[in-house]
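Quick look at entry_1.cif (mmCIF, C-alpha atoms):
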```cif
data_start
#
loop_
_atom_site.group_PDB
_atom_site.id
_atom_site.type_symbol
_atom_site.label_atom_id
_atom_site.label_comp_id
_atom_site.auth_asym_id
_atom_site.auth_seq_id
_atom_site.Cartn_x
_atom_site.Cartn_y
_atom_site.Cartn_z
ATOM 1 C CA MET A 1 -22.128 3.386 6.632
ATOM 2 C CA GLN A 2 -22.408 1.938 3.140
ATOM 3 C CA ILE A 3 -20.464 -1.110 1.930
ATOM 4 C CA TYR A 4 -19.285 -1.044 -1.671
ATOM 5 C CA THR A 5 -17.808 -3.971 -3.620
ATOM 6 C CA HIS A 6 -16.129 -4.001 -7.011
ATOM 7 C CA THR A 7 -14.146 -6.588 -8.980
ATOM 8 C CA LEU A 8 -11.230 -5.180 -10.958
ATOM 9 C CA PRO A 9 -10.428 -6.511 -14.466
ATOM 10 C CA GLY A 10 -7.702 -8.859 -13.172
ATOM 11 C CA GLY A 11 -10.038 -10.343 -10.559
ATOM 12 C CA ALA A 12 -8.835 -8.374 -7.525
ATOM 13 C CA GLN A 13 -11.565 -7.435 -5.045
ATOM 14 C CA LEU A 14 -12.086 -3.869 -3.833
ATOM 15 C CA ILE A 15 -14.223 -3.439 -0.710
ATOM 16 C CA GLY A 16 -15.289 0.068 0.293
ATOM 17 C CA TYR A 17 -16.623 1.383 3.589
ATOM 18 C CA LEU A 18 -18.262 4.741 2.969
ATOM 19 C CA ARG A 19 -19.429 7.098 5.659
ATOM 20 C CA ASP A 20 -23.005 8.343 5.400
ATOM 21 C CA ARG A 21 -23.604 11.844 4.133
ATOM 22 C CA THR A 22 -24.948 14.340 6.642
ATOM 23 C CA VAL A 23 -27.304 17.300 6.307
ATOM 24 C CA GLU A 24 -26.155 18.804 9.591
ATOM 25 C CA MET A 25 -22.466 18.983 8.600
ATOM 26 C CA PRO A 26 -22.335 19.321 4.791
ATOM 27 C CA ALA A 27 -18.635 20.224 4.825
ATOM 28 C CA PHE A 28 -17.922 16.609 5.841
ATOM 29 C CA ASN A 29 -19.747 15.093 2.886
ATOM 30 C CA THR A 30 -16.522 15.103 0.859
ATOM 31 C CA ARG A 31 -13.874 13.160 2.738
ATOM 32 C CA PRO A 32 -10.346 11.930 2.195
ATOM 33 C CA ALA A 33 -10.025 8.255 1.280
ATOM 34 C CA ILE A 34 -7.457 5.611 2.095
ATOM 35 C CA LEU A 35 -6.708 2.372 0.237
ATOM 36 C CA ILE A 36 -5.529 -0.451 2.509
ATOM 37 C CA LEU A 37 -3.233 -3.193 1.215
ATOM 38 C CA PRO A 38 -2.908 -6.101 3.686
ATOM 39 C CA GLY A 39 0.309 -8.082 3.991
ATOM 40 C CA GLY A 40 0.886 -11.791 3.506
ATOM 41 C CA GLY A 41 4.160 -12.199 1.635
ATOM 42 C CA TYR A 42 2.404 -11.838 -1.745
ATOM 43 C CA ALA A 43 0.954 -15.303 -0.990
ATOM 44 C CA TRP A 44 -2.317 -14.140 0.642
ATOM 45 C CA CYS A 45 -3.975 -11.009 2.035
ATOM 46 C CA SER A 46 -3.983 -11.033 5.824
ATOM 47 C CA LYS A 47 -7.441 -10.449 7.322
ATOM 48 C CA ARG A 48 -5.978 -8.951 10.500
ATOM 49 C CA GLU A 49 -4.535 -6.128 8.373
ATOM 50 C CA ALA A 50 -7.801 -5.539 6.509
ATOM 51 C CA ASP A 51 -11.134 -4.911 8.301
ATOM 52 C CA PRO A 52 -9.658 -4.091 11.760
ATOM 53 C CA VAL A 53 -7.539 -1.382 10.144
ATOM 54 C CA ALA A 54 -10.378 -0.195 7.917
ATOM 55 C CA MET A 55 -12.623 0.372 10.937
ATOM 56 C CA GLN A 56 -9.998 2.582 12.603
ATOM 57 C CA PHE A 57 -9.694 4.814 9.548
ATOM 58 C CA LEU A 58 -13.474 4.864 9.112
ATOM 59 C CA GLN A 59 -13.856 6.035 12.706
ATOM 60 C CA ALA A 60 -11.248 8.735 12.055
ATOM 61 C CA GLY A 61 -13.392 10.184 9.260
ATOM 62 C CA TYR A 62 -12.030 8.563 6.093
ATOM 63 C CA ASN A 63 -13.817 6.707 3.359
ATOM 64 C CA VAL A 64 -11.934 3.428 3.368
ATOM 65 C CA PHE A 65 -11.188 0.852 0.683
ATOM 66 C CA THR A 66 -9.451 -2.493 1.138
ATOM 67 C CA LEU A 67 -7.856 -4.160 -1.876
ATOM 68 C CA TYR A 68 -7.539 -7.942 -1.992
ATOM 69 C CA TYR A 69 -4.927 -7.929 -4.724
ATOM 70 C CA THR A 70 -3.612 -10.846 -6.776
ATOM 71 C CA CYS A 71 -1.379 -13.206 -4.781
ATOM 72 C CA ARG A 72 0.661 -16.285 -5.630
ATOM 73 C CA SER A 73 -0.964 -19.096 -3.696
ATOM 74 C CA GLU A 74 0.898 -22.050 -5.205
ATOM 75 C CA GLU A 75 4.533 -22.524 -6.164
ATOM 76 C CA THR A 76 3.437 -23.858 -9.551
ATOM 77 C CA VAL A 77 1.853 -20.524 -10.465
ATOM 78 C CA PRO A 78 4.237 -18.166 -12.323
ATOM 79 C CA ALA A 79 5.740 -15.257 -10.418
ATOM 80 C CA LEU A 80 3.390 -12.305 -10.026
ATOM 81 C CA ARG A 81 5.666 -9.551 -11.308
ATOM 82 C CA TRP A 82 3.456 -6.592 -12.342
ATOM 83 C CA GLN A 83 -0.037 -7.888 -11.556
ATOM 84 C CA PRO A 84 -0.348 -6.646 -7.935
ATOM 85 C CA LEU A 85 0.786 -3.167 -9.017
ATOM 86 C CA ILE A 86 -1.728 -3.247 -11.888
ATOM 87 C CA ASP A 87 -4.385 -4.101 -9.290
ATOM 88 C CA ALA A 88 -3.328 -1.198 -7.059
ATOM 89 C CA ALA A 89 -3.318 1.252 -9.978
ATOM 90 C CA GLY A 90 -6.765 0.055 -11.026
ATOM 91 C CA ALA A 91 -8.089 0.554 -7.498
ATOM 92 C CA ILE A 92 -6.712 4.096 -7.229
ATOM 93 C CA LEU A 93 -8.115 5.040 -10.628
ATOM 94 C CA HIS A 94 -11.507 3.503 -9.812
ATOM 95 C CA ILE A 95 -11.754 5.487 -6.571
ATOM 96 C CA ARG A 96 -10.634 8.687 -8.282
ATOM 97 C CA ARG A 97 -12.994 8.315 -11.240
ATOM 98 C CA ASN A 98 -15.946 7.622 -8.935
ATOM 99 C CA ALA A 99 -14.969 10.140 -6.268
ATOM 100 C CA GLU A 100 -18.213 12.103 -6.480
ATOM 101 C CA GLN A 101 -20.292 8.945 -6.009
ATOM 102 C CA PHE A 102 -18.149 7.944 -3.031
ATOM 103 C CA GLY A 103 -18.152 11.385 -1.428
ATOM 104 C CA THR A 104 -14.356 11.455 -1.716
ATOM 105 C CA ASP A 105 -11.893 14.209 -2.560
ATOM 106 C CA PRO A 106 -10.019 12.854 -5.618
ATOM 107 C CA ALA A 107 -6.904 14.819 -4.604
ATOM 108 C CA LYS A 108 -6.838 13.207 -1.148
ATOM 109 C CA ILE A 109 -6.514 9.479 -1.757
ATOM 110 C CA ALA A 110 -3.868 7.923 0.483
ATOM 111 C CA ILE A 111 -2.498 4.375 0.523
ATOM 112 C CA CYS A 112 -1.628 2.199 3.526
ATOM 113 C CA GLY A 113 0.254 -1.092 3.289
ATOM 114 C CA PHE A 114 1.564 -3.702 5.704
ATOM 115 C CA SER A 115 4.605 -5.924 5.121
ATOM 116 C CA ALA A 116 4.356 -7.152 1.485
ATOM 117 C CA GLY A 117 1.344 -4.859 1.182
ATOM 118 C CA GLY A 118 3.744 -2.110 2.245
ATOM 119 C CA HIS A 119 5.972 -3.069 -0.674
ATOM 120 C CA LEU A 120 2.966 -2.800 -2.973
ATOM 121 C CA ALA A 121 1.966 0.558 -1.465
ATOM 122 C CA ALA A 122 5.526 1.859 -1.869
ATOM 123 C CA SER A 123 5.554 0.532 -5.451
ATOM 124 C CA ALA A 124 2.395 2.544 -6.148
ATOM 125 C CA ALA A 125 4.012 5.616 -4.596
ATOM 126 C CA THR A 126 7.208 5.330 -6.636
ATOM 127 C CA MET A 127 6.555 3.347 -9.828
ATOM 128 C CA LEU A 128 3.147 4.456 -11.088
ATOM 129 C CA PRO A 129 2.762 7.512 -13.349
ATOM 130 C CA GLU A 130 2.574 10.657 -11.242
ATOM 131 C CA GLU A 131 -1.066 11.283 -12.159
ATOM 132 C CA VAL A 132 -2.031 7.859 -10.722
ATOM 133 C CA ARG A 133 0.051 7.892 -7.547
ATOM 134 C CA PRO A 134 -1.569 8.275 -4.125
ATOM 135 C CA ALA A 135 -1.335 11.636 -2.381
ATOM 136 C CA PHE A 136 0.227 10.128 0.750
ATOM 137 C CA ALA A 137 1.645 6.748 1.780
ATOM 138 C CA VAL A 138 1.540 4.973 5.140
ATOM 139 C CA LEU A 139 3.993 2.058 5.215
ATOM 140 C CA ILE A 140 3.768 -0.233 8.238
ATOM 141 C CA TYR A 141 6.695 -2.650 8.684
ATOM 142 C CA PRO A 142 7.034 -2.569 4.872
ATOM 143 C CA VAL A 143 9.066 -4.893 2.694
ATOM 144 C CA ILE A 144 11.234 -2.498 0.664
ATOM 145 C CA THR A 145 14.498 -4.011 -0.524
ATOM 146 C CA ALA A 146 15.296 -7.213 -2.419
ATOM 147 C CA GLU A 147 18.974 -7.019 -1.479
ATOM 148 C CA PRO A 148 20.277 -10.366 -0.157
ATOM 149 C CA GLY A 149 20.667 -10.361 3.612
ATOM 150 C CA LYS A 150 18.151 -7.534 4.032
ATOM 151 C CA CYS A 151 15.083 -8.727 2.168
ATOM 152 C CA HIS A 152 12.021 -10.734 3.147
ATOM 153 C CA LYS A 153 12.896 -13.598 0.842
ATOM 154 C CA GLY A 154 9.429 -15.150 0.665
ATOM 155 C CA SER A 155 7.825 -11.958 -0.619
ATOM 156 C CA PHE A 156 10.260 -11.703 -3.518
ATOM 157 C CA ASP A 157 10.084 -15.436 -4.250
ATOM 158 C CA HIS A 158 6.364 -14.977 -4.837
ATOM 159 C CA LEU A 159 6.637 -11.626 -6.618
ATOM 160 C CA LEU A 160 9.649 -12.269 -8.857
ATOM 161 C CA GLY A 161 10.294 -16.021 -8.669
ATOM 162 C CA THR A 162 13.326 -17.883 -7.368
ATOM 163 C CA ASP A 163 15.164 -17.448 -10.682
ATOM 164 C CA ARG A 164 15.249 -13.651 -10.399
ATOM 165 C CA THR A 165 18.369 -11.778 -11.466
ATOM 166 C CA ALA A 166 20.384 -9.068 -9.755
ATOM 167 C CA GLY A 167 18.725 -6.648 -12.168
ATOM 168 C CA ASP A 168 15.281 -7.772 -10.993
ATOM 169 C CA GLU A 169 16.317 -7.237 -7.384
ATOM 170 C CA ALA A 170 17.599 -3.735 -8.106
ATOM 171 C CA GLN A 171 14.430 -2.810 -10.030
ATOM 172 C CA TRP A 172 12.112 -3.925 -7.215
ATOM 173 C CA SER A 173 14.238 -2.549 -4.355
ATOM 174 C CA LEU A 174 12.111 0.517 -3.865
ATOM 175 C CA GLN A 175 14.709 2.700 -2.185
ATOM 176 C CA ASN A 176 16.133 2.866 -5.729
ATOM 177 C CA ARG A 177 12.832 4.177 -7.142
ATOM 178 C CA VAL A 178 12.319 7.208 -4.898
ATOM 179 C CA THR A 179 12.398 10.605 -6.628
ATOM 180 C CA ALA A 180 11.435 14.145 -5.714
ATOM 181 C CA SER A 181 7.884 13.386 -6.928
ATOM 182 C CA THR A 182 7.355 10.527 -4.457
ATOM 183 C CA PRO A 183 4.457 11.495 -2.154
ATOM 184 C CA PRO A 184 4.975 12.226 1.558
ATOM 185 C CA THR A 185 5.332 9.011 3.517
ATOM 186 C CA LEU A 186 4.879 7.839 7.109
ATOM 187 C CA LEU A 187 6.806 4.688 8.074
ATOM 188 C CA LEU A 188 5.933 2.733 11.225
ATOM 189 C CA LEU A 189 7.803 -0.313 12.527
ATOM 190 C CA ALA A 190 9.250 -2.051 15.581
ATOM 191 C CA ASP A 191 12.960 -2.368 16.291
ATOM 192 C CA ASP A 192 12.594 -6.033 17.290
ATOM 193 C CA ASP A 193 10.964 -7.104 13.996
ATOM 194 C CA ARG A 194 12.849 -10.184 12.786
ATOM 195 C CA THR A 195 10.483 -10.985 9.899
ATOM 196 C CA VAL A 196 10.856 -7.736 7.941
ATOM 197 C CA LEU A 197 14.129 -6.219 9.101
ATOM 198 C CA PRO A 198 13.987 -2.533 10.147
ATOM 199 C CA VAL A 199 16.647 -1.695 7.550
ATOM 200 C CA ASN A 200 13.874 -1.911 4.937
ATOM 201 C CA SER A 201 12.195 1.187 6.351
ATOM 202 C CA THR A 202 15.378 3.100 7.059
ATOM 203 C CA LEU A 203 16.597 2.599 3.479
ATOM 204 C CA PHE A 204 13.344 4.039 2.146
ATOM 205 C CA TYR A 205 13.351 6.948 4.589
ATOM 206 C CA GLU A 206 16.959 7.823 3.709
ATOM 207 C CA ALA A 207 15.989 7.825 0.032
ATOM 208 C CA LEU A 208 13.041 10.142 0.740
ATOM 209 C CA LYS A 209 15.292 12.594 2.577
ATOM 210 C CA ARG A 210 18.008 12.368 -0.066
ATOM 211 C CA ASN A 211 15.470 13.309 -2.740
ATOM 212 C CA GLY A 212 13.996 16.198 -0.744
ATOM 213 C CA VAL A 213 10.526 14.722 -0.214
ATOM 214 C CA LYS A 214 8.790 16.910 2.377
ATOM 215 C CA GLY A 215 6.355 15.857 5.102
ATOM 216 C CA CYS A 216 7.875 12.445 5.792
ATOM 217 C CA SER A 217 8.210 10.687 9.136
ATOM 218 C CA LEU A 218 9.900 7.501 10.406
ATOM 219 C CA ARG A 219 8.773 6.038 13.741
ATOM 220 C CA ILE A 220 10.597 3.041 15.174
ATOM 221 C CA TYR A 221 9.058 1.596 18.324
ATOM 222 C CA PRO A 222 11.360 -0.401 20.657
ATOM 223 C CA SER A 223 9.151 -3.507 20.636
ATOM 224 C CA GLY A 224 6.150 -4.914 18.834
ATOM 225 C CA GLY A 225 7.559 -7.519 16.482
#
```
Encoding of this model in structure tokens:
Amino acid sequence: MQIYTHTLPGGAQLIGYLRDRTVEMPAFNTRPAILILPGGGYAWCSKREADPVAMQFLQAGYNVFTLYYTCRSEETVPALRWQPLIDAAGAILHIRRNAEQFGTDPAKIAICGFSAGGHLAASAATMLPEEVRPAFAVLIYPVITAEPGKCHKGSFDHLLGTDRTAGDEAQWSLQNRVTASTPPTLLLLADDDRTVLPVNSTLFYEALKRNGVKGCSLRIYPSGG
């Protein structure tokens, strides 16, 4: 395994875990890649949703990248707005442009996000230009909607600020951004999650189905928090 590090223009850190090339099985020297976006309410990047997840995908045969994107660590710092999505776009483009060096298939770059990182992953899947979007999205207990009563308030306080408008909330409620060109998506969550309500995932899944996106799956486990 090789470890790769890169700092994006905005200061976000990209850490790569690249499987070694093999003479015995040359067909495996070009692998799919996955970009992991940890959660943390857009206030930090959770370590438990970074390396432990990366090692599972590495073992499964992927080249793996973890993005420590820009977060809002203090209330005095202005709302993040577009910067995390700029970080995610920069990471995808960097992996794609250096695919040969990484031993990665540029057409098989997936994205995986947890909680607020799931919101960022879903933003990349729905809001970036089609040529930048990931090929597949894995959203694990993702924050999706900014609608009052359904949202994870802290995530949107950090992303948009407490003075956000109804228009802001509609723009960043990602069930509103799904189109037929949204990539296939797997959603995983637990029914007893009281931090990010399950309705976030079901709203996104309904939007995927409504727009005819093929190859999607929603899996709700009875417990797990």
Carefully work through the PyMOL selection byres ((chain A and resi 207) around 10) for this structure and note down the residues it includes, as a ChimeraX atom specification.
-> /A:174-180,201-206,208-213
**Study point:** All residues 10 Å or closer to stretch 145-161 of chain A, only C-alpha atoms, same chain fewer than 5 positions away omitted, as a VMD selection string
**Key:** chain A and resid 39 to 43 71 to 75 77 to 84 115 to 117 119 166 168 to 176 194 to 201 203 to 204
- Contact residues around stretch 18-32 of chain A with only C-alpha atoms at 10 Å, ignoring same-chain residues under 4 positions, as a list of chain:residue names: A:Met1, A:Gln2, A:Ile3, A:Tyr4, A:Leu58, A:Gln59, A:Gly61, A:Tyr62, A:Asn63, A:Val64, A:Phe65, A:Ala99, A:Glu100, A:Gln101, A:Phe102, A:Gly103, A:Thr104, A:Asp105, A:Pro106, A:Ala107, A:Lys108, A:Ile109, A:Ala110
For stretch 162-180 of chain A, what centre and edge lengths in Å (one decimal) does the axis-aligned box get once 8 Å is added on each side of all its listed atoms, as JSON?
```
{"center_x": 15.9, "center_y": -1.9, "center_z": -7.2, "size_x": 24.9, "size_y": 48.0, "size_z": 26.0}
```
Atom pair atom CA of A:Gly113 + atom CA of A:Ala33, distance 14.0 Å
